[in-house]
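A.B. asks: Input final26.cif, format and content: mmCIF, N, CA and C atoms.
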```cif
data_entry
loop_
_atom_site.group_PDB
_atom_site.id
_atom_site.type_symbol
_atom_site.label_atom_id
_atom_site.label_comp_id
_atom_site.auth_asym_id
_atom_site.auth_seq_id
_atom_site.Cartn_x
_atom_site.Cartn_y
_atom_site.Cartn_z
ATOM 1 N N MET U 8 10.610 -12.949 -12.304
ATOM 2 C CA MET U 8 9.782 -11.994 -13.011
ATOM 3 C C MET U 8 9.581 -10.737 -12.174
ATOM 4 N N LYS U 9 9.515 -10.892 -10.853
ATOM 5 C CA LYS U 9 9.321 -9.732 -9.994
ATOM 6 C C LYS U 9 10.502 -8.770 -10.090
ATOM 7 N N SER U 10 11.725 -9.297 -10.243
ATOM 8 C CA SER U 10 12.896 -8.427 -10.361
ATOM 9 C C SER U 10 12.830 -7.608 -11.647
ATOM 10 N N GLU U 11 12.236 -8.158 -12.717
ATOM 11 C CA GLU U 11 12.062 -7.396 -13.954
ATOM 12 C C GLU U 11 11.112 -6.230 -13.729
ATOM 13 N N ALA U 12 10.046 -6.453 -12.980
ATOM 14 C CA ALA U 12 9.082 -5.391 -12.702
ATOM 15 C C ALA U 12 9.729 -4.285 -11.884
ATOM 16 N N LEU U 13 10.576 -4.671 -10.922
ATOM 17 C CA LEU U 13 11.235 -3.668 -10.088
ATOM 18 C C LEU U 13 12.230 -2.844 -10.894
ATOM 19 N N LYS U 14 12.861 -3.452 -11.888
ATOM 20 C CA LYS U 14 13.802 -2.717 -12.723
ATOM 21 C C LYS U 14 13.084 -1.679 -13.571
ATOM 22 N N SER U 15 11.845 -1.941 -13.944
ATOM 23 C CA SER U 15 11.113 -1.026 -14.810
ATOM 24 C C SER U 15 10.366 0.061 -14.030
ATOM 25 N N LEU U 16 10.469 0.054 -12.717
ATOM 26 C CA LEU U 16 9.812 1.086 -11.920
ATOM 27 C C LEU U 16 10.454 2.444 -12.175
ATOM 28 N N PRO U 17 9.650 3.502 -12.113
ATOM 29 C CA PRO U 17 10.225 4.841 -12.244
ATOM 30 C C PRO U 17 11.228 5.103 -11.123
ATOM 31 N N ARG U 18 12.189 5.974 -11.382
ATOM 32 C CA ARG U 18 13.243 6.249 -10.411
ATOM 33 C C ARG U 18 12.735 6.966 -9.167
ATOM 34 N N TYR U 19 11.564 7.577 -9.241
ATOM 35 C CA TYR U 19 11.028 8.284 -8.077
ATOM 36 C C TYR U 19 10.319 7.356 -7.092
ATOM 37 N N LEU U 20 10.225 6.062 -7.394
ATOM 38 C CA LEU U 20 9.594 5.093 -6.494
ATOM 39 C C LEU U 20 10.647 4.190 -5.874
ATOM 40 N N GLN U 21 10.534 3.965 -4.562
ATOM 41 C CA GLN U 21 11.416 3.033 -3.858
ATOM 42 C C GLN U 21 10.539 2.073 -3.066
ATOM 43 N N ALA U 22 10.562 0.815 -3.447
ATOM 44 C CA ALA U 22 9.795 -0.193 -2.715
ATOM 45 C C ALA U 22 10.516 -0.518 -1.414
ATOM 46 N N ARG U 23 9.766 -0.544 -0.333
ATOM 47 C CA ARG U 23 10.287 -0.959 0.969
ATOM 48 C C ARG U 23 9.394 -2.086 1.471
ATOM 49 N N LYS U 24 9.839 -2.759 2.538
ATOM 50 C CA LYS U 24 9.080 -3.931 2.975
ATOM 51 C C LYS U 24 7.691 -3.576 3.505
ATOM 52 N N ASP U 25 7.507 -2.377 4.065
ATOM 53 C CA ASP U 25 6.205 -2.018 4.631
ATOM 54 C C ASP U 25 5.455 -0.962 3.827
ATOM 55 N N GLY U 26 5.944 -0.631 2.622
ATOM 56 C CA GLY U 26 5.274 0.352 1.776
ATOM 57 C C GLY U 26 6.184 0.840 0.667
ATOM 58 N N VAL U 27 5.839 1.997 0.123
ATOM 59 C CA VAL U 27 6.581 2.565 -0.999
ATOM 60 C C VAL U 27 6.889 4.023 -0.700
ATOM 61 N N CYS U 28 8.099 4.430 -1.014
ATOM 62 C CA CYS U 28 8.516 5.817 -0.823
ATOM 63 C C CYS U 28 8.507 6.500 -2.194
ATOM 64 N N VAL U 29 7.817 7.632 -2.278
ATOM 65 C CA VAL U 29 7.713 8.388 -3.520
ATOM 66 C C VAL U 29 8.466 9.705 -3.346
ATOM 67 N N SER U 30 9.444 9.970 -4.210
ATOM 68 C CA SER U 30 10.175 11.236 -4.187
ATOM 69 C C SER U 30 9.404 12.243 -5.030
ATOM 70 N N VAL U 31 9.078 13.381 -4.431
ATOM 71 C CA VAL U 31 8.198 14.358 -5.064
ATOM 72 C C VAL U 31 8.837 15.739 -5.039
ATOM 73 N N LYS U 32 8.664 16.481 -6.125
ATOM 74 C CA LYS U 32 8.968 17.909 -6.136
ATOM 75 C C LYS U 32 7.628 18.618 -6.288
ATOM 76 N N VAL U 33 7.301 19.454 -5.315
ATOM 77 C CA VAL U 33 5.996 20.122 -5.289
ATOM 78 C C VAL U 33 6.132 21.545 -5.812
ATOM 79 N N GLN U 34 5.205 21.925 -6.670
ATOM 80 C CA GLN U 34 5.114 23.308 -7.116
ATOM 81 C C GLN U 34 3.819 23.889 -6.554
ATOM 82 N N PRO U 35 3.921 24.705 -5.502
ATOM 83 C CA PRO U 35 2.715 25.306 -4.930
ATOM 84 C C PRO U 35 2.199 26.464 -5.793
ATOM 85 N N ARG U 36 0.989 26.901 -5.492
ATOM 86 C CA ARG U 36 0.337 28.029 -6.183
ATOM 87 C C ARG U 36 0.184 27.807 -7.684
ATOM 88 N N ALA U 37 -0.065 26.579 -8.070
ATOM 89 C CA ALA U 37 -0.297 26.271 -9.485
ATOM 90 C C ALA U 37 -1.745 26.583 -9.841
ATOM 91 N N SER U 38 -2.057 26.615 -11.119
ATOM 92 C CA SER U 38 -3.425 26.908 -11.544
ATOM 93 C C SER U 38 -4.373 25.746 -11.272
ATOM 94 N N ARG U 39 -3.824 24.527 -11.172
ATOM 95 C CA ARG U 39 -4.643 23.356 -10.841
ATOM 96 C C ARG U 39 -3.756 22.268 -10.265
ATOM 97 N N ASN U 40 -4.370 21.324 -9.562
ATOM 98 C CA ASN U 40 -3.646 20.172 -9.029
ATOM 99 C C ASN U 40 -3.422 19.190 -10.170
ATOM 100 N N GLU U 41 -2.163 18.808 -10.375
ATOM 101 C CA GLU U 41 -1.880 17.865 -11.457
ATOM 102 C C GLU U 41 -0.495 17.260 -11.286
ATOM 103 N N ILE U 42 -0.321 16.109 -11.925
ATOM 104 C CA ILE U 42 0.986 15.472 -11.989
ATOM 105 C C ILE U 42 1.644 15.974 -13.263
ATOM 106 N N ALA U 43 2.806 16.605 -13.117
ATOM 107 C CA ALA U 43 3.488 17.206 -14.260
ATOM 108 C C ALA U 43 4.474 16.245 -14.908
ATOM 109 N N GLY U 44 4.707 15.094 -14.303
ATOM 110 C CA GLY U 44 5.601 14.099 -14.892
ATOM 111 C C GLY U 44 6.880 13.932 -14.106
ATOM 112 N N ALA U 45 7.699 13.009 -14.566
ATOM 113 C CA ALA U 45 8.965 12.723 -13.905
ATOM 114 C C ALA U 45 9.962 13.831 -14.205
ATOM 115 N N LEU U 46 10.717 14.175 -13.170
ATOM 116 C CA LEU U 46 11.753 15.202 -13.286
ATOM 117 C C LEU U 46 13.003 14.640 -12.618
ATOM 118 N N GLY U 47 13.826 13.938 -13.385
ATOM 119 C CA GLY U 47 14.992 13.265 -12.812
ATOM 120 C C GLY U 47 14.554 12.133 -11.904
ATOM 121 N N ASN U 48 14.956 12.197 -10.626
ATOM 122 C CA ASN U 48 14.596 11.164 -9.652
ATOM 123 C C ASN U 48 13.354 11.530 -8.863
ATOM 124 N N GLU U 49 12.606 12.519 -9.317
ATOM 125 C CA GLU U 49 11.417 12.967 -8.589
ATOM 126 C C GLU U 49 10.211 13.025 -9.519
ATOM 127 N N LEU U 50 9.039 12.982 -8.912
ATOM 128 C CA LEU U 50 7.791 13.168 -9.621
ATOM 129 C C LEU U 50 7.334 14.591 -9.329
ATOM 130 N N LYS U 51 7.159 15.408 -10.361
ATOM 131 C CA LYS U 51 6.739 16.787 -10.150
ATOM 132 C C LYS U 51 5.217 16.833 -10.055
ATOM 133 N N ILE U 52 4.752 17.422 -8.961
ATOM 134 C CA ILE U 52 3.315 17.557 -8.730
ATOM 135 C C ILE U 52 3.011 19.020 -8.463
ATOM 136 N N ARG U 53 2.024 19.545 -9.172
ATOM 137 C CA ARG U 53 1.587 20.926 -8.977
ATOM 138 C C ARG U 53 0.339 20.922 -8.100
ATOM 139 N N VAL U 54 0.325 21.816 -7.096
ATOM 140 C CA VAL U 54 -0.853 21.968 -6.230
ATOM 141 C C VAL U 54 -1.247 23.440 -6.188
ATOM 142 N N THR U 55 -2.523 23.694 -6.011
ATOM 143 C CA THR U 55 -3.031 25.068 -6.015
ATOM 144 C C THR U 55 -2.767 25.798 -4.709
ATOM 145 N N ALA U 56 -2.557 25.082 -3.644
ATOM 146 C CA ALA U 56 -2.395 25.699 -2.318
ATOM 147 C C ALA U 56 -1.063 26.439 -2.222
ATOM 148 N N PRO U 57 -1.033 27.515 -1.420
ATOM 149 C CA PRO U 57 0.230 28.227 -1.192
ATOM 150 C C PRO U 57 1.078 27.486 -0.167
ATOM 151 N N PRO U 58 2.383 27.749 -0.143
ATOM 152 C CA PRO U 58 3.265 27.070 0.813
ATOM 153 C C PRO U 58 3.247 27.747 2.185
ATOM 154 N N VAL U 59 2.050 27.914 2.739
ATOM 155 C CA VAL U 59 1.877 28.605 4.018
ATOM 156 C C VAL U 59 1.122 27.700 4.984
ATOM 157 N N ASP U 60 1.596 27.605 6.223
ATOM 158 C CA ASP U 60 0.914 26.833 7.274
ATOM 159 C C ASP U 60 0.591 25.405 6.839
ATOM 160 N N SER U 61 1.502 24.772 6.146
ATOM 161 C CA SER U 61 1.343 23.375 5.685
ATOM 162 C C SER U 61 0.188 23.170 4.712
ATOM 163 N N ALA U 62 -0.320 24.240 4.120
ATOM 164 C CA ALA U 62 -1.432 24.105 3.168
ATOM 165 C C ALA U 62 -1.013 23.299 1.940
ATOM 166 N N ALA U 63 0.178 23.540 1.431
ATOM 167 C CA ALA U 63 0.642 22.786 0.258
ATOM 168 C C ALA U 63 0.857 21.316 0.605
ATOM 169 N N ASN U 64 1.364 21.034 1.805
ATOM 170 C CA ASN U 64 1.540 19.642 2.235
ATOM 171 C C ASN U 64 0.202 18.927 2.312
ATOM 172 N N GLN U 65 -0.793 19.568 2.910
ATOM 173 C CA GLN U 65 -2.113 18.959 3.026
ATOM 174 C C GLN U 65 -2.743 18.760 1.653
ATOM 175 N N SER U 66 -2.574 19.752 0.783
ATOM 176 C CA SER U 66 -3.099 19.643 -0.572
ATOM 177 C C SER U 66 -2.432 18.497 -1.324
ATOM 178 N N LEU U 67 -1.129 18.322 -1.132
ATOM 179 C CA LEU U 67 -0.398 17.220 -1.757
ATOM 180 C C LEU U 67 -0.941 15.875 -1.293
ATOM 181 N N ILE U 68 -1.136 15.724 0.013
ATOM 182 C CA ILE U 68 -1.664 14.467 0.559
ATOM 183 C C ILE U 68 -3.062 14.189 0.018
ATOM 184 N N GLU U 69 -3.921 15.203 0.001
ATOM 185 C CA GLU U 69 -5.282 15.024 -0.510
ATOM 186 C C GLU U 69 -5.270 14.629 -1.984
ATOM 187 N N PHE U 70 -4.427 15.302 -2.766
ATOM 188 C CA PHE U 70 -4.354 15.017 -4.200
ATOM 189 C C PHE U 70 -3.820 13.604 -4.452
ATOM 190 N N LEU U 71 -2.742 13.234 -3.774
ATOM 191 C CA LEU U 71 -2.192 11.886 -3.961
ATOM 192 C C LEU U 71 -3.171 10.802 -3.520
ATOM 193 N N ALA U 72 -3.890 11.040 -2.429
ATOM 194 C CA ALA U 72 -4.888 10.064 -1.976
ATOM 195 C C ALA U 72 -5.961 9.867 -3.040
ATOM 196 N N GLU U 73 -6.360 10.959 -3.680
ATOM 197 C CA GLU U 73 -7.371 10.870 -4.737
ATOM 198 C C GLU U 73 -6.822 10.122 -5.952
ATOM 199 N N VAL U 74 -5.615 10.465 -6.383
ATOM 200 C CA VAL U 74 -5.007 9.820 -7.555
ATOM 201 C C VAL U 74 -4.758 8.339 -7.302
ATOM 202 N N LEU U 75 -4.260 8.010 -6.117
ATOM 203 C CA LEU U 75 -3.930 6.621 -5.797
ATOM 204 C C LEU U 75 -5.135 5.827 -5.310
ATOM 205 N N ASP U 76 -6.260 6.503 -5.123
ATOM 206 C CA ASP U 76 -7.489 5.864 -4.648
ATOM 207 C C ASP U 76 -7.237 5.121 -3.334
ATOM 208 N N CYS U 77 -6.676 5.855 -2.374
ATOM 209 C CA CYS U 77 -6.398 5.288 -1.061
ATOM 210 C C CYS U 77 -6.752 6.331 0.002
ATOM 211 N N PRO U 78 -6.925 5.919 1.250
ATOM 212 C CA PRO U 78 -7.230 6.886 2.306
ATOM 213 C C PRO U 78 -6.026 7.788 2.596
ATOM 214 N N GLN U 79 -6.299 9.015 3.023
ATOM 215 C CA GLN U 79 -5.227 9.951 3.344
ATOM 216 C C GLN U 79 -4.327 9.416 4.452
ATOM 217 N N ARG U 80 -4.892 8.632 5.354
ATOM 218 C CA ARG U 80 -4.092 8.108 6.470
ATOM 219 C C ARG U 80 -3.036 7.107 5.998
ATOM 220 N N ALA U 81 -3.142 6.621 4.745
ATOM 221 C CA ALA U 81 -2.143 5.708 4.191
ATOM 222 C C ALA U 81 -0.918 6.460 3.669
ATOM 223 N N LEU U 82 -0.980 7.792 3.655
ATOM 224 C CA LEU U 82 0.107 8.618 3.139
ATOM 225 C C LEU U 82 0.739 9.412 4.265
ATOM 226 N N GLU U 83 2.066 9.540 4.211
ATOM 227 C CA GLU U 83 2.783 10.290 5.237
ATOM 228 C C GLU U 83 3.991 10.968 4.600
ATOM 229 N N ILE U 84 4.180 12.249 4.897
ATOM 230 C CA ILE U 84 5.372 12.946 4.437
ATOM 231 C C ILE U 84 6.498 12.623 5.417
ATOM 232 N N LEU U 85 7.521 11.925 4.923
ATOM 233 C CA LEU U 85 8.639 11.528 5.776
ATOM 234 C C LEU U 85 9.680 12.631 5.896
ATOM 235 N N ARG U 86 9.987 13.254 4.767
ATOM 236 C CA ARG U 86 11.002 14.308 4.744
ATOM 237 C C ARG U 86 10.529 15.447 3.857
ATOM 238 N N GLY U 87 11.017 16.656 4.168
ATOM 239 C CA GLY U 87 10.750 17.798 3.310
ATOM 240 C C GLY U 87 9.511 18.591 3.666
ATOM 241 N N HIS U 88 9.132 18.601 4.930
ATOM 242 C CA HIS U 88 7.922 19.325 5.336
ATOM 243 C C HIS U 88 7.979 20.805 4.956
ATOM 244 N N ALA U 89 9.175 21.407 4.972
ATOM 245 C CA ALA U 89 9.318 22.830 4.653
ATOM 246 C C ALA U 89 10.075 23.036 3.340
ATOM 247 N N SER U 90 10.124 22.005 2.509
ATOM 248 C CA SER U 90 10.873 22.065 1.261
ATOM 249 C C SER U 90 9.973 21.674 0.101
ATOM 250 N N ARG U 91 10.377 22.019 -1.099
ATOM 251 C CA ARG U 91 9.644 21.564 -2.281
ATOM 252 C C ARG U 91 9.958 20.105 -2.590
ATOM 253 N N HIS U 92 11.092 19.630 -2.106
ATOM 254 C CA HIS U 92 11.523 18.250 -2.342
ATOM 255 C C HIS U 92 11.080 17.398 -1.151
ATOM 256 N N LYS U 93 10.220 16.431 -1.399
ATOM 257 C CA LYS U 93 9.612 15.649 -0.320
ATOM 258 C C LYS U 93 9.739 14.149 -0.576
ATOM 259 N N GLN U 94 9.656 13.402 0.505
ATOM 260 C CA GLN U 94 9.546 11.951 0.454
ATOM 261 C C GLN U 94 8.185 11.601 1.054
ATOM 262 N N VAL U 95 7.311 11.009 0.248
ATOM 263 C CA VAL U 95 5.982 10.615 0.715
ATOM 264 C C VAL U 95 5.949 9.096 0.806
ATOM 265 N N PHE U 96 5.567 8.596 1.983
ATOM 266 C CA PHE U 96 5.485 7.154 2.206
ATOM 267 C C PHE U 96 4.047 6.703 2.014
ATOM 268 N N VAL U 97 3.861 5.635 1.236
ATOM 269 C CA VAL U 97 2.527 5.107 0.925
ATOM 270 C C VAL U 97 2.420 3.688 1.462
ATOM 271 N N ARG U 98 1.406 3.445 2.277
ATOM 272 C CA ARG U 98 1.140 2.098 2.815
ATOM 273 C C ARG U 98 -0.053 1.481 2.081
ATOM 274 N N GLY U 99 -0.018 0.172 1.926
ATOM 275 C CA GLY U 99 -1.176 -0.545 1.395
ATOM 276 C C GLY U 99 -1.202 -0.728 -0.108
ATOM 277 N N LEU U 100 -0.241 -0.169 -0.828
ATOM 278 C CA LEU U 100 -0.173 -0.347 -2.280
ATOM 279 C C LEU U 100 1.233 -0.798 -2.651
ATOM 280 N N SER U 101 1.331 -1.589 -3.709
ATOM 281 C CA SER U 101 2.652 -1.999 -4.185
ATOM 282 C C SER U 101 3.235 -0.901 -5.069
ATOM 283 N N ALA U 102 4.529 -0.959 -5.289
ATOM 284 C CA ALA U 102 5.189 0.014 -6.158
ATOM 285 C C ALA U 102 4.627 -0.062 -7.577
ATOM 286 N N GLU U 103 4.297 -1.261 -8.034
ATOM 287 C CA GLU U 103 3.744 -1.435 -9.368
ATOM 288 C C GLU U 103 2.366 -0.778 -9.473
ATOM 289 N N GLN U 104 1.526 -0.954 -8.456
ATOM 290 C CA GLN U 104 0.201 -0.334 -8.452
ATOM 291 C C GLN U 104 0.313 1.189 -8.463
ATOM 292 N N ILE U 105 1.226 1.718 -7.679
ATOM 293 C CA ILE U 105 1.417 3.163 -7.621
ATOM 294 C C ILE U 105 1.907 3.691 -8.963
ATOM 295 N N ALA U 106 2.853 2.992 -9.575
ATOM 296 C CA ALA U 106 3.369 3.420 -10.887
ATOM 297 C C ALA U 106 2.251 3.488 -11.926
ATOM 298 N N VAL U 107 1.385 2.479 -11.938
ATOM 299 C CA VAL U 107 0.276 2.455 -12.897
ATOM 300 C C VAL U 107 -0.685 3.624 -12.639
ATOM 301 N N LYS U 108 -1.036 3.850 -11.379
ATOM 302 C CA LYS U 108 -2.004 4.911 -11.063
ATOM 303 C C LYS U 108 -1.438 6.307 -11.312
ATOM 304 N N LEU U 109 -0.160 6.495 -11.059
ATOM 305 C CA LEU U 109 0.454 7.815 -11.283
ATOM 306 C C LEU U 109 0.633 8.108 -12.764
ATOM 307 N N ASN U 110 0.758 7.072 -13.584
ATOM 308 C CA ASN U 110 0.967 7.278 -15.019
ATOM 309 C C ASN U 110 -0.325 7.291 -15.824
ATOM 310 N N SER U 111 -1.453 7.034 -15.180
ATOM 311 C CA SER U 111 -2.712 7.010 -15.934
ATOM 312 C C SER U 111 -3.433 8.334 -15.877
#
```
Step by step, read the file and then write its structure as structure tokens.
C.D. replies:
Amino acid sequence: MKSEALKSLPRYLQARKDGVCVSVKVQPRASRNEIAGALGNELKIRVTAPPVDSAANQSLIEFLAEVLDCPQRALEILRGHASRHKQVFVRGLSAEQIAVKLNS
């Protein structure tokens, strides 16, 4: 049954043994922080912060922590610090839990 759940996961989520990797496309300088939906293999997230001095990265972490109801320290940007395309690693939640929280 677990393999069925993994097959139904969105393509932007990758379950790993110590957490979950979320592929994100960030749109900085948006009118509000929001999840814009799946965009191919990525989850598009809009943040109000500009892409200056890691402000958009920090805003992304704060927003995801709020949406996922987890501490900011459980989130880490693995790749894409200077790009709109990022890999965010989440500890302490399963891929299924993350999928439910991101879609609600």
A.B. asks: List the neighbours of Ser38 in chain U out to 9 Å using only C-alpha atoms; skip same-chain residues closer than 2 positions along the sequence, and give me the result as a list in words.
C.D. replies: Arg36, Asn40, Arg53, Val54 and Thr55 of chain U
A.B. asks: Please indicate the distance in Å from CA of Cys28 in chain U to atom N of Val95 in chain U, rounded to one decimal place.
C.D. replies: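 Taking CA of Cys28 in chain U as the start and atom N of Val95 in chain U as the end point, the length is 5.4 Å.
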A.B. asks: I'd like to know which of U:Val107, U:Ala62, U:Phe96, U:Ile52 is closest to Val31 in chain U, using only C-alpha atoms.
C.D. replies: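 Once distances to Val31 in chain U are computed over only C-alpha atoms, the minimum belongs to U:Ile52.
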A.B. asks: Just the residues within 9 Å of Leu16 in chain U, please, counting only C-alpha atoms, with nothing from its chain fewer than 6 positions along; format it as a list in words.
C.D. replies: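 That gives Ala102, Glu103 and Ala106 of chain U.
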A.B. asks: Using N, CA and C atoms, can you export the residues from the last selection as a PDB file, keeping the file's coordinate frame?
C.D. replies:
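What ended up in again16.pdb:
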```pdb
ATOM      1  N   ALA U 102       4.529  -0.959  -5.289  1.00  0.00           N
ATOM      2  CA  ALA U 102       5.189   0.014  -6.158  1.00  0.00           C
ATOM      3  C   ALA U 102       4.627  -0.062  -7.577  1.00  0.00           C
ATOM      4  N   GLU U 103       4.297  -1.261  -8.034  1.00  0.00           N
ATOM      5  CA  GLU U 103       3.744  -1.435  -9.368  1.00  0.00           C
ATOM      6  C   GLU U 103       2.366  -0.778  -9.473  1.00  0.00           C
ATOM      7  N   ALA U 106       2.853   2.992  -9.575  1.00  0.00           N
ATOM      8  CA  ALA U 106       3.369   3.420 -10.887  1.00  0.00           C
ATOM      9  C   ALA U 106       2.251   3.488 -11.926  1.00  0.00           C
TER      10      ALA U 106
END
```
A.B. asks: In Å, with one decimal, what is the gap from CA of Arg98 in chain U to CA of Asp60 in chain U?
C.D. replies: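 Spanning CA of Arg98 in chain U to CA of Asp60 in chain U is a straight-line distance of 25.1 Å.
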A.B. asks: Could you tell me which of U:Ala56, U:Asn64, U:Ser15, U:Val27 comes closest to Val97 in chain U if we count only N, CA and C atoms?
C.D. replies: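 Among the listed residues, U:Val27 lies closest to Val97 in chain U.
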A.B. asks: For Ala45 in chain U, which of U:Glu69, U:Pro58, U:Arg18, U:Lys108 is the closest residue, counting only N, CA and C atoms?
C.D. replies: U:Arg18
A.B. asks: Please return as a PyMOL selection string: the residues of chain U that backbone DSSP assigns to strand (DSSP E).
C.D. replies: chain U and resi 20-23+26-34+41-46+49-53+82-86+92-97
A.B. asks: Could you list, as a PyMOL selection string, every residue within 10 Å of Asn110 in chain U, counting only C-alpha atoms and ignoring same-chain residues fewer than 4 positions away?
C.D. replies: chain U and resi 17+42+44-45+74+105-106
A.B. asks: In terms of the shortest atom-to-atom distance over only C-alpha atoms, which of U:Leu82, U:Gln94, U:Ala72, U:Val59 is closest to Val29 in chain U?
C.D. replies: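 Residue with the minimum atom-to-atom distance to Val29 in chain U: U:Gln94.
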A.B. asks: Check the smallest atom-to-atom distance from each of U:Ser66, U:Ser30, U:Ser90, U:Ser61 to Glu49 in chain U using only N, CA and C atoms, then report the winner.
C.D. replies: U:Ser30
A.B. asks: So how many Å separate atom C of Pro35 in chain U and atom N of Ala81 in chain U, to one decimal?
C.D. replies: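 Atom-to-atom, atom C of Pro35 in chain U to atom N of Ala81 in chain U, that is 23.1 Å.
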A.B. asks: Write down as a list in words the residues of chain U whose backbone DSSP state falls under alpha helix (DSSP H).
C.D. replies: Lys9, Ser10, Glu11, Ala12, Leu13, Lys14, Ala62, Ala63, Asn64, Gln65, Ser66, Leu67, Ile68, Glu69, Phe70, Leu71, Ala72, Glu73, Val74, Leu75, Ala102, Glu103, Gln104, Ile105, Ala106, Val107, Lys108, Leu109 and Asn110 of chain U
